[in-house]
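One file, structure39.cif, is given below (mmCIF, C-alpha atoms; chains and numbers go by the auth columns).
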data_run
#
loop_
_atom_site.group_PDB
_atom_site.id
_atom_site.type_symbol
_atom_site.label_atom_id
_atom_site.label_comp_id
_atom_site.label_asym_id
_atom_site.label_seq_id
_atom_site.Cartn_x
_atom_site.Cartn_y
_atom_site.Cartn_z
_atom_site.B_iso_or_equiv
_atom_site.auth_seq_id
_atom_site.auth_asym_id
ATOM 1 C CA MET A 1 152.023 232.074 -10.030 0.00 1 G
ATOM 2 C CA ALA A 2 152.488 232.534 -13.768 0.00 2 G
ATOM 3 C CA ALA A 3 150.439 235.355 -15.316 0.00 3 G
ATOM 4 C CA SER A 4 149.103 233.057 -18.047 0.00 4 G
ATOM 5 C CA VAL A 5 147.362 230.630 -15.652 0.00 5 G
ATOM 6 C CA ASP A 6 143.558 230.464 -15.988 0.00 6 G
ATOM 7 C CA LEU A 7 140.842 228.578 -14.147 0.00 7 G
ATOM 8 C CA VAL A 8 138.359 227.070 -16.609 0.00 8 G
ATOM 9 C CA LEU A 9 135.045 225.692 -15.338 0.00 9 G
ATOM 10 C CA THR A 10 133.528 222.896 -17.439 0.00 10 G
ATOM 11 C CA ASP A 11 131.114 220.012 -17.205 0.00 11 G
ATOM 12 C CA GLN A 12 133.010 218.284 -20.021 0.00 12 G
ATOM 13 C CA PRO A 13 136.592 217.834 -18.846 0.00 13 G
ATOM 14 C CA PRO A 14 139.097 216.718 -21.451 0.00 14 G
ATOM 15 C CA ALA A 15 140.096 213.081 -21.742 0.00 15 G
ATOM 16 C CA GLY A 16 142.952 212.344 -19.404 0.00 16 G
ATOM 17 C CA MET A 17 142.218 215.118 -16.913 0.00 17 G
ATOM 18 C CA HIS A 18 141.088 212.740 -14.152 0.00 18 G
ATOM 19 C CA GLU A 19 144.238 210.661 -14.643 0.00 19 G
ATOM 20 C CA LEU A 20 146.511 213.737 -14.638 0.00 20 G
ATOM 21 C CA VAL A 21 145.025 215.084 -11.390 0.00 21 G
ATOM 22 C CA GLY A 22 145.123 211.614 -9.809 0.00 22 G
ATOM 23 C CA GLN A 23 148.769 211.153 -10.741 0.00 23 G
ATOM 24 C CA GLY A 24 149.606 214.536 -9.222 0.00 24 G
ATOM 25 C CA ILE A 25 147.880 213.635 -5.956 0.00 25 G
ATOM 26 C CA SER A 26 149.550 210.205 -5.944 0.00 26 G
ATOM 27 C CA ALA A 27 152.992 211.776 -6.380 0.00 27 G
ATOM 28 C CA VAL A 28 152.438 214.182 -3.463 0.00 28 G
ATOM 29 C CA ASN A 29 151.065 211.381 -1.267 0.00 29 G
ATOM 30 C CA ALA A 30 153.937 209.041 -2.146 0.00 30 G
ATOM 31 C CA ALA A 31 156.465 211.725 -1.190 0.00 31 G
ATOM 32 C CA ARG A 32 154.668 212.306 2.118 0.00 32 G
ATOM 33 C CA MET A 33 153.461 208.827 3.124 0.00 33 G
ATOM 34 C CA GLY A 34 155.325 206.351 0.939 0.00 34 G
ATOM 35 C CA VAL A 35 154.183 204.326 -2.030 0.00 35 G
ATOM 36 C CA ASN A 36 150.638 203.023 -1.561 0.00 36 G
ATOM 37 C CA GLU A 37 151.110 199.755 -3.484 0.00 37 G
ATOM 38 C CA ARG A 38 147.642 200.229 -4.991 0.00 38 G
ATOM 39 C CA ARG A 39 146.336 197.115 -6.741 0.00 39 G
ATOM 40 C CA PRO A 40 142.909 196.426 -8.206 0.00 40 G
ATOM 41 C CA LEU A 41 140.903 193.563 -6.720 0.00 41 G
ATOM 42 C CA ALA A 42 137.839 192.172 -8.474 0.00 42 G
ATOM 43 C CA ILE A 43 135.664 189.101 -8.046 0.00 43 G
ATOM 44 C CA MET A 44 133.284 188.297 -10.858 0.00 44 G
ATOM 45 C CA ILE A 45 129.946 186.516 -10.632 0.00 45 G
ATOM 46 C CA GLN A 46 129.480 184.698 -13.910 0.00 46 G
ATOM 47 C CA GLU A 47 126.550 182.711 -15.223 0.00 47 G
ATOM 48 C CA ASN A 48 127.343 180.497 -18.191 0.00 48 G
ATOM 49 C CA GLY A 49 130.500 182.535 -18.749 0.00 49 G
ATOM 50 C CA VAL A 50 128.614 185.863 -18.734 0.00 50 G
ATOM 51 C CA LEU A 51 129.462 188.508 -16.151 0.00 51 G
ATOM 52 C CA ILE A 52 126.336 189.304 -14.085 0.00 52 G
ATOM 53 C CA GLY A 53 127.705 190.928 -10.924 0.00 53 G
ATOM 54 C CA GLY A 54 130.552 190.969 -8.474 0.00 54 G
ATOM 55 C CA LEU A 55 132.861 193.062 -6.349 0.00 55 G
ATOM 56 C CA CYS A 56 135.270 195.769 -7.504 0.00 56 G
ATOM 57 C CA GLY A 57 137.810 197.325 -5.215 0.00 57 G
ATOM 58 C CA ARG A 58 141.455 197.897 -4.544 0.00 58 G
ATOM 59 C CA THR A 59 144.097 197.417 -1.915 0.00 59 G
ATOM 60 C CA SER A 60 146.393 200.234 -0.848 0.00 60 G
ATOM 61 C CA TRP A 61 148.117 201.405 2.316 0.00 61 G
ATOM 62 C CA ARG A 62 147.224 198.089 3.999 0.00 62 G
ATOM 63 C CA ARG A 63 143.468 198.488 3.499 0.00 63 G
ATOM 64 C CA LEU A 64 140.918 196.941 1.184 0.00 64 G
ATOM 65 C CA THR A 65 138.570 199.509 -0.327 0.00 65 G
ATOM 66 C CA VAL A 66 135.323 197.953 -1.563 0.00 66 G
ATOM 67 C CA GLU A 67 134.246 200.324 -4.322 0.00 67 G
ATOM 68 C CA LEU A 68 131.302 198.381 -5.774 0.00 68 G
ATOM 69 C CA LEU A 69 129.452 195.216 -4.771 0.00 69 G
ATOM 70 C CA PHE A 70 126.468 193.988 -6.772 0.00 70 G
ATOM 71 C CA VAL A 71 124.599 190.691 -6.451 0.00 71 G
ATOM 72 C CA PRO A 72 121.782 190.139 -8.965 0.00 72 G
ATOM 73 C CA GLU A 73 118.332 189.915 -7.380 0.00 73 G
ATOM 74 C CA LYS A 74 117.943 186.207 -8.192 0.00 74 G
ATOM 75 C CA LEU A 75 121.096 185.390 -6.184 0.00 75 G
ATOM 76 C CA ARG A 76 120.342 187.514 -3.119 0.00 76 G
ATOM 77 C CA GLY A 77 119.506 185.853 0.177 0.00 77 G
ATOM 78 C CA HIS A 78 121.797 182.889 -0.470 0.00 78 G
ATOM 79 C CA GLY A 79 125.030 184.218 1.041 0.00 79 G
ATOM 80 C CA MET A 80 126.568 185.373 -2.243 0.00 80 G
ATOM 81 C CA GLY A 81 127.367 188.868 -0.932 0.00 81 G
ATOM 82 C CA ALA A 82 129.021 187.447 2.176 0.00 82 G
ATOM 83 C CA LYS A 83 131.048 185.083 -0.018 0.00 83 G
ATOM 84 C CA LEU A 84 132.214 188.014 -2.169 0.00 84 G
ATOM 85 C CA LEU A 85 133.311 189.974 0.910 0.00 85 G
ATOM 86 C CA ALA A 86 135.040 186.957 2.460 0.00 86 G
ATOM 87 C CA GLN A 87 136.956 186.187 -0.725 0.00 87 G
ATOM 88 C CA ALA A 88 137.990 189.833 -1.172 0.00 88 G
ATOM 89 C CA GLU A 89 139.079 190.069 2.468 0.00 89 G
ATOM 90 C CA SER A 90 141.046 186.831 2.187 0.00 90 G
ATOM 91 C CA GLU A 91 142.942 188.106 -0.848 0.00 91 G
ATOM 92 C CA ALA A 92 143.522 191.482 0.817 0.00 92 G
ATOM 93 C CA LYS A 93 145.004 189.753 3.874 0.00 93 G
ATOM 94 C CA LYS A 94 147.404 187.897 1.572 0.00 94 G
ATOM 95 C CA ARG A 95 148.420 191.326 0.260 0.00 95 G
ATOM 96 C CA GLY A 96 149.219 192.476 3.797 0.00 96 G
ATOM 97 C CA CYS A 97 146.021 194.388 4.560 0.00 97 G
ATOM 98 C CA ILE A 98 144.784 194.818 8.130 0.00 98 G
ATOM 99 C CA GLY A 99 141.224 195.962 7.424 0.00 99 G
ATOM 100 C CA SER A 100 138.744 197.313 4.917 0.00 100 G
ATOM 101 C CA TRP A 101 136.343 200.171 4.336 0.00 101 G
ATOM 102 C CA LEU A 102 133.480 201.119 2.035 0.00 102 G
ATOM 103 C CA GLU A 103 130.577 203.487 1.601 0.00 103 G
ATOM 104 C CA THR A 104 126.917 203.025 0.728 0.00 104 G
ATOM 105 C CA PHE A 105 123.686 204.979 0.377 0.00 105 G
ATOM 106 C CA SER A 106 121.505 201.947 1.007 0.00 106 G
ATOM 107 C CA PRO A 107 120.099 201.184 4.474 0.00 107 G
ATOM 108 C CA ASP A 108 119.706 197.546 3.341 0.00 108 G
ATOM 109 C CA ALA A 109 123.367 197.410 2.308 0.00 109 G
ATOM 110 C CA ARG A 110 124.357 199.023 5.608 0.00 110 G
ATOM 111 C CA ARG A 111 122.572 196.241 7.509 0.00 111 G
ATOM 112 C CA PHE A 112 124.233 193.628 5.265 0.00 112 G
ATOM 113 C CA TYR A 113 127.695 195.039 5.966 0.00 113 G
ATOM 114 C CA GLU A 114 126.977 195.292 9.697 0.00 114 G
ATOM 115 C CA ARG A 115 125.976 191.596 9.697 0.00 115 G
ATOM 116 C CA ASN A 116 129.429 190.990 8.192 0.00 116 G
ATOM 117 C CA ASP A 117 131.186 192.801 11.079 0.00 117 G
ATOM 118 C CA TYR A 118 131.520 196.250 9.503 0.00 118 G
ATOM 119 C CA ARG A 119 130.759 199.280 11.668 0.00 119 G
ATOM 120 C CA VAL A 120 129.671 202.781 10.702 0.00 120 G
ATOM 121 C CA PHE A 121 132.402 205.345 11.326 0.00 121 G
ATOM 122 C CA GLY A 122 130.726 208.279 9.622 0.00 122 G
ATOM 123 C CA GLU A 123 127.702 209.433 7.720 0.00 123 G
ATOM 124 C CA ILE A 124 126.392 212.378 5.740 0.00 124 G
ATOM 125 C CA ALA A 125 122.706 213.035 6.368 0.00 125 G
ATOM 126 C CA ASP A 126 120.413 214.054 3.510 0.00 126 G
ATOM 127 C CA TYR A 127 122.949 212.995 0.845 0.00 127 G
ATOM 128 C CA PRO A 128 121.449 212.376 -1.582 0.00 128 G
ATOM 129 C CA PRO A 129 118.372 214.329 -0.437 0.00 129 G
ATOM 130 C CA GLY A 130 116.122 212.161 1.724 0.00 130 G
ATOM 131 C CA ASN A 131 118.887 209.579 2.233 0.00 131 G
ATOM 132 C CA THR A 132 122.083 209.072 4.194 0.00 132 G
ATOM 133 C CA ARG A 133 125.535 208.165 2.932 0.00 133 G
ATOM 134 C CA TYR A 134 127.230 205.702 5.299 0.00 134 G
ATOM 135 C CA PHE A 135 130.949 204.998 5.682 0.00 135 G
ATOM 136 C CA LEU A 136 131.821 201.631 7.204 0.00 136 G
ATOM 137 C CA THR A 137 135.038 199.938 8.270 0.00 137 G
ATOM 138 C CA LYS A 138 136.214 196.553 9.470 0.00 138 G
ATOM 139 C CA ASP A 139 139.477 195.775 11.236 0.00 139 G
ATOM 140 C CA TRP A 140 140.775 192.231 11.042 0.00 140 G
ATOM 141 C CA PRO A 141 142.304 190.374 13.953 0.00 141 G
ATOM 142 C CA ALA A 142 146.038 189.785 13.636 0.00 142 G
#
What do you get writing this file as C-alpha coordinates?
Amino acid sequence: MAASVDLVLTDQPPAGMHELVGQGISAVNAARMGVNERRPLAIMIQENGVLIGGLCGRTSWRRLTVELLFVPEKLRGHGMGAKLLAQAESEAKKRGCIGSWLETFSPDARRFYERNDYRVFGEIADYPPGNTRYFLTKDWPA
(Lines of atoms letter the chains of each structure in order from A and count residues from 1; the text may use other names and numbers.)
(Lines give C-alpha, C1' and ligand atoms only; values in the text may rest on other atoms or scores of the structure.)
Protein backbone atom coordinates (compact mmCIF):
# COMPACT_ATOMS: atom_id res chain seq x y z
CA MET A 1 0.00 0.00 0.00
CA ALA A 2 1.26 3.48 -0.84
CA ALA A 3 2.55 5.49 2.14
CA SER A 4 0.40 8.49 1.21
CA VAL A 5 -2.94 6.66 1.56
CA ASP A 6 -5.25 7.98 4.31
CA LEU A 7 -8.64 6.93 5.62
CA VAL A 8 -10.88 9.97 6.11
CA LEU A 9 -14.12 9.62 8.07
CA THR A 10 -16.88 12.06 7.11
CA ASP A 11 -20.63 12.49 7.26
CA GLN A 12 -20.42 14.73 4.18
CA PRO A 13 -18.88 12.66 1.40
CA PRO A 14 -17.87 14.53 -1.73
CA ALA A 15 -20.12 14.58 -4.77
CA GLY A 16 -19.42 11.58 -6.94
CA MET A 17 -18.06 9.35 -4.18
CA HIS A 18 -21.07 7.00 -4.20
CA GLU A 19 -20.79 6.66 -7.98
CA LEU A 20 -17.02 6.04 -7.86
CA VAL A 21 -17.36 3.28 -5.24
CA GLY A 22 -20.32 1.76 -7.10
CA GLN A 23 -18.40 1.71 -10.37
CA GLY A 24 -15.47 0.00 -8.65
CA ILE A 25 -17.74 -2.70 -7.21
CA SER A 26 -19.48 -3.12 -10.57
CA ALA A 27 -16.15 -3.61 -12.35
CA VAL A 28 -15.05 -6.30 -9.87
CA ASN A 29 -18.44 -8.04 -10.07
CA ALA A 30 -18.47 -7.92 -13.88
CA ALA A 31 -15.02 -9.53 -13.99
CA ARG A 32 -16.15 -12.25 -11.59
CA MET A 33 -19.79 -12.88 -12.57
CA GLY A 34 -20.30 -11.24 -15.95
CA VAL A 35 -22.09 -8.06 -16.91
CA ASN A 36 -25.27 -7.57 -14.88
CA GLU A 37 -27.27 -5.81 -17.62
CA ARG A 38 -28.68 -3.46 -14.98
CA ARG A 39 -31.62 -1.40 -16.23
CA PRO A 40 -33.93 0.92 -14.31
CA LEU A 41 -37.63 0.03 -14.21
CA ALA A 42 -40.23 2.54 -13.06
CA ILE A 43 -44.02 2.72 -13.17
CA MET A 44 -45.58 6.06 -12.41
CA ILE A 45 -48.99 6.73 -10.88
CA GLN A 46 -50.16 10.03 -12.29
CA GLU A 47 -53.23 12.08 -11.52
CA ASN A 48 -54.04 14.76 -14.08
CA GLY A 49 -50.48 14.45 -15.37
CA VAL A 50 -48.94 14.90 -11.90
CA LEU A 51 -46.78 12.17 -10.42
CA ILE A 52 -48.31 10.98 -7.12
CA GLY A 53 -46.75 7.56 -6.54
CA GLY A 54 -45.45 4.45 -8.20
CA LEU A 55 -42.79 1.78 -8.27
CA CYS A 56 -39.04 2.24 -8.71
CA GLY A 57 -36.70 -0.64 -9.25
CA ARG A 58 -34.22 -2.25 -11.56
CA THR A 59 -33.49 -5.47 -13.35
CA SER A 60 -30.09 -7.13 -13.18
CA TRP A 61 -28.67 -10.64 -13.15
CA ARG A 62 -32.11 -12.01 -14.14
CA ARG A 63 -33.91 -10.54 -11.11
CA LEU A 64 -36.24 -7.63 -10.57
CA THR A 65 -35.33 -5.58 -7.51
CA VAL A 66 -38.26 -3.52 -6.21
CA GLU A 67 -36.55 -0.60 -4.51
CA LEU A 68 -39.58 1.59 -3.72
CA LEU A 69 -43.34 1.13 -4.02
CA PHE A 70 -45.73 3.85 -2.88
CA VAL A 71 -49.49 4.06 -3.39
CA PRO A 72 -51.16 7.23 -2.07
CA GLU A 73 -53.62 6.60 0.76
CA LYS A 74 -56.66 7.52 -1.36
CA LEU A 75 -55.79 4.76 -3.87
CA ARG A 76 -55.06 1.98 -1.38
CA GLY A 77 -57.41 -0.97 -1.08
CA HIS A 78 -58.32 -0.92 -4.77
CA GLY A 79 -55.62 -3.23 -6.14
CA MET A 80 -53.26 -0.47 -7.28
CA GLY A 81 -50.23 -1.98 -5.50
CA ALA A 82 -50.91 -5.40 -7.01
CA LYS A 83 -51.23 -3.79 -10.44
CA LEU A 84 -47.87 -2.04 -9.99
CA LEU A 85 -46.18 -5.32 -9.02
CA ALA A 86 -47.82 -7.24 -11.87
CA GLN A 87 -46.78 -4.66 -14.45
CA ALA A 88 -43.21 -4.53 -13.12
CA GLU A 89 -42.99 -8.33 -13.07
CA SER A 90 -44.36 -8.55 -16.61
CA GLU A 91 -41.74 -6.12 -17.90
CA ALA A 92 -38.99 -7.91 -15.96
CA LYS A 93 -40.00 -11.24 -17.53
CA LYS A 94 -39.69 -9.63 -20.97
CA ARG A 95 -36.16 -8.65 -19.93
CA GLY A 96 -35.36 -12.29 -19.12
CA CYS A 97 -35.84 -12.20 -15.35
CA ILE A 98 -36.82 -15.33 -13.41
CA GLY A 99 -37.87 -13.72 -10.13
CA SER A 100 -37.84 -10.67 -7.91
CA TRP A 101 -36.88 -9.50 -4.45
CA LEU A 102 -37.42 -6.54 -2.14
CA GLU A 103 -37.17 -5.38 1.44
CA THR A 104 -39.53 -3.58 3.79
CA PHE A 105 -39.81 -2.41 7.38
CA SER A 106 -43.60 -2.42 7.34
CA PRO A 107 -45.60 -5.39 8.66
CA ASP A 108 -48.53 -4.17 6.52
CA ALA A 109 -46.33 -4.13 3.42
CA ARG A 110 -45.01 -7.58 4.31
CA ARG A 111 -48.58 -8.93 4.37
CA PHE A 112 -49.31 -7.18 1.05
CA TYR A 113 -46.28 -8.77 -0.60
CA GLU A 114 -47.12 -12.18 0.86
CA ARG A 115 -50.64 -11.89 -0.62
CA ASN A 116 -48.85 -11.34 -3.94
CA ASP A 117 -46.86 -14.60 -3.61
CA TYR A 118 -43.67 -13.19 -2.09
CA ARG A 119 -42.07 -15.11 0.78
CA VAL A 120 -39.76 -13.92 3.55
CA PHE A 121 -36.23 -15.26 3.14
CA GLY A 122 -34.60 -13.20 5.86
CA GLU A 123 -35.14 -10.58 8.50
CA ILE A 124 -33.24 -8.35 10.89
CA ALA A 125 -34.98 -8.00 14.25
CA ASP A 126 -35.04 -4.65 16.05
CA TYR A 127 -33.96 -2.73 12.92
CA PRO A 128 -34.93 0.01 13.20
CA PRO A 129 -35.37 -0.31 16.98
CA GLY A 130 -38.76 -1.79 17.83
CA ASN A 131 -39.28 -2.98 14.24
CA THR A 132 -38.13 -5.71 11.88
CA ARG A 133 -36.63 -5.38 8.42
CA TYR A 134 -37.98 -8.09 6.10
CA PHE A 135 -36.42 -9.43 2.90
CA LEU A 136 -38.84 -11.10 0.49
CA THR A 137 -38.48 -12.95 -2.79
CA LYS A 138 -40.67 -14.39 -5.51
CA ASP A 139 -39.67 -16.94 -8.13
CA TRP A 140 -41.70 -17.07 -11.32
CA PRO A 141 -42.76 -20.26 -13.03
CA ALA A 142 -40.99 -20.93 -16.32
Do a neighbour search on Ser60 (chain G) at 7 Å with only C-alpha atoms, toss out local chain neighbours closer than 3 positions, and write the hits as a short mmCIF file (atom, residue, chain, number, x, y, z; two decimals) with C-alpha atoms, keeping the file's coordinate frame.
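Done, and the output landed in out_15.cif:
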data_model
loop_
_atom_site.label_atom_id
_atom_site.label_comp_id
_atom_site.auth_asym_id
_atom_site.auth_seq_id
_atom_site.Cartn_x
_atom_site.Cartn_y
_atom_site.Cartn_z
CA ASN G 36 150.64 203.02 -1.56
CA GLU G 37 151.11 199.76 -3.48
CA ARG G 38 147.64 200.23 -4.99
CA ARG G 39 146.34 197.12 -6.74
CA ARG G 63 143.47 198.49 3.50
CA LEU G 64 140.92 196.94 1.18
#
For Thr65 (chain G), list every protein, DNA or RNA residue within 9 Å, evaluated using all atoms listed in the file, and leave out those in the same chain fewer than 2 positions away; present the list as a list in words.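 Once the nearby chain positions are removed, what remains is Cys56, Gly57, Arg58, Thr59, Ser60, Arg63, Glu67, Gly99, Ser100, Trp101 and Leu102 of chain G.
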Check which residues of region 13-99 of chain G sit at most 12 Å from region 114-128 of chain G using only C-alpha atoms, and return one row each with the closest pair of atoms and their distance in Å to one decimal, ordered by chain and rising number, as a tab-separated table.
residue	atom	partner	partner_atom	distance
G:Val66	CA	G:Tyr118	CA	11.8
G:Gly79	CA	G:Asn116	CA	10.8
G:Gly81	CA	G:Asn116	CA	9.6
G:Ala82	CA	G:Asn116	CA	7.0
G:Lys83	CA	G:Asn116	CA	10.2
G:Leu84	CA	G:Asn116	CA	11.1
G:Leu85	CA	G:Asn116	CA	8.3
G:Ala86	CA	G:Asn116	CA	9.0
G:Glu89	CA	G:Asn116	CA	11.3
G:Gly99	CA	G:Tyr118	CA	9.9
Would you mind exporting the chosen residues as a JSON list (two decimals), in the frame of the given file, restricted to C-alpha atoms?
[["chain", "number", "residue", "atom", "x", "y", "z"],
["G", 66, "VAL", "CA", 135.32, 197.95, -1.56],
["G", 79, "GLY", "CA", 125.03, 184.22, 1.04],
["G", 81, "GLY", "CA", 127.37, 188.87, -0.93],
["G", 82, "ALA", "CA", 129.02, 187.45, 2.18],
["G", 83, "LYS", "CA", 131.05, 185.08, -0.02],
["G", 84, "LEU", "CA", 132.21, 188.01, -2.17],
["G", 85, "LEU", "CA", 133.31, 189.97, 0.91],
["G", 86, "ALA", "CA", 135.04, 186.96, 2.46],
["G", 89, "GLU", "CA", 139.08, 190.07, 2.47],
["G", 99, "GLY", "CA", 141.22, 195.96, 7.42]]
So for region 96-106 of chain G, what box centre and size do we get, axis-aligned, 3 Å extra on each of the six sides, every listed atom, Å to one decimal, as JSON?
{"center_x": 135.4, "center_y": 198.7, "center_z": 4.3, "size_x": 33.7, "size_y": 18.5, "size_z": 13.8}
Across G:Phe70, G:Trp61, G:Gly77, G:Asn131, the smallest distance to Ala42 (chain G), with all atoms listed in the file counted, is shown by G:Phe70
Computed interatomic separation between CA of Leu55 (chain G) and CA of Leu68 (chain G) (Å):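 Taking CA of Leu55 (chain G) and CA of Leu68 (chain G), their separation equals 5.6 Å.
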What would the list of residues within 6 Å of (126.5, 208.2, 0.6) (file frame) look like as a ChimeraX atom specification, if all atoms listed in the file are what count? /G:104-105,127,132-134
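When CA of Gly54 (chain G) is paired with CA of Leu69 (chain G), their separation reads 5.7 Å.
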Hits of the PyMOL selection byres ((chain G and resi 140) around 7) in this structure, as a ChimeraX atom specification: /G:98-99,138-139,141-142
Would you compute the distance between CA of Cys97 (chain G) and CA of Pro40 (chain G)? Give it in Å to one decimal.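 Computing the Euclidean distance for CA of Cys97 (chain G) and CA of Pro40 (chain G) yields 13.3 Å.
When all atoms listed in the file are used to measure the gap to Leu136 (chain G), the shortest distance among G:Arg76, G:Ala15, G:Glu103, G:Phe112 belongs to G:Glu103.
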Which is closer to Arg62 (chain G) than all the others in G:Arg95, G:Asp108, G:Tyr113, G:Gly130, using all atoms listed in the file? G:Arg95
When you look at Ile52 (chain G) with a cut-off of 12 Å (counting all atoms listed in the file), what residues show up, excluding the ones that are within fewer than 2 positions of it in the same chain? I need them as a PyMOL selection string. chain G and resi 43-50+54-55+69-75
